[in-house]
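Peer 1: Once you've had a glance at the structure underneath, I'll fire off some questions.
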Amino acid sequence: MLLVWLYGVMVVGAVSRSAVQIATEFDKAPLAYSLSAVAGLVYGFITYSLVRGGERARRAALVCCAAELAGVLIVGTWTLADPSAFPDATVWSDYGMGYLFIPVLLPITATFWLRGSRAVTS
């Protein structure tokens, strides 16, 4: 339940942030704002998969958690290596520092939980 709640909060945060930024100042940092929108969609799909339940949804959530973690690590590293590429922060900038590092911790935690839930149901 806690994972669903945390992912739900991240959906609201990422989607609302990117929607406002895309609508009002997209030309300032199109890459950053687009990546925040992608993060929101990934969070939304994972939330849906966790709520839906079942083996197929669990596997889909695992794949999305892996993609989410890869995105956080790639974008986080990119923002540190080339800050000029990101005139404004994304949800995943600096490994999610603006979100208390939840973007990097959440997929790791969710992956462990989802893998453990498989062992229980098998």
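Quick note on naming: the chains in the structure tokens go A, B, ... in the order shown, residues restart at 1 in each chain, and ligands are numbered from 1 in order of appearance.
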For the contact check between segment 49-108 of chain A and segment 32-39 of chain A, emit one row per residue of segment 49-108 of chain A within 8 Å, containing the shortest atom pair and the distance in Å rounded to one decimal, counting only C-alpha atoms, chain then rising number order, as a Markdown table.
Peer 2:
| residue | atom | partner | partner_atom | distance |
| --- | --- | --- | --- | --- |
| A:Glu68 | CA | A:Ala39 | CA | 7.5 |
| A:Phe86 | CA | A:Ala32 | CA | 6.0 |
| A:Pro87 | CA | A:Ala32 | CA | 7.8 |
| A:Asp88 | CA | A:Ala32 | CA | 6.4 |
| A:Ala89 | CA | A:Ala32 | CA | 6.2 |
| A:Thr90 | CA | A:Ala32 | CA | 5.0 |
| A:Val91 | CA | A:Ser36 | CA | 5.3 |
| A:Trp92 | CA | A:Ser36 | CA | 7.4 |
Peer 1: Which residues come within 12 Å of Gly96 of chain A, counting only C-alpha atoms, excluding same-chain residues fewer than 3 positions away, as a ChimeraX atom specification?
Peer 2: /A:10,14,36,39,68-69,71-77,79-80,89-93,99-107
Peer 1: Can you work out which one of A:Trp78, A:Ala61, A:Tyr48, A:Ser117 has the shortest atom-to-atom distance to Trp5 of chain A, counting only C-alpha atoms?
Peer 2: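 For Trp5 of chain A, the nearest of the candidates is A:Tyr48.
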Peer 1: Which distance in Å separates atom CA of Val15 of chain A and atom CA of Thr47 of chain A, to one decimal?
Peer 2: 13.2 Å
Peer 1: Find the residue from A:Ser16, A:Gln21, A:Gly40, A:Phe45 that sits nearest to Leu62 of chain A; use only C-alpha atoms when measuring.
Peer 2: A:Phe45
Peer 1: Counting only C-alpha atoms, which residue out of A:Gly8, A:Gly54, A:Gly116, A:Gly98 sits closest to Leu41 of chain A?
Peer 2: A:Gly8
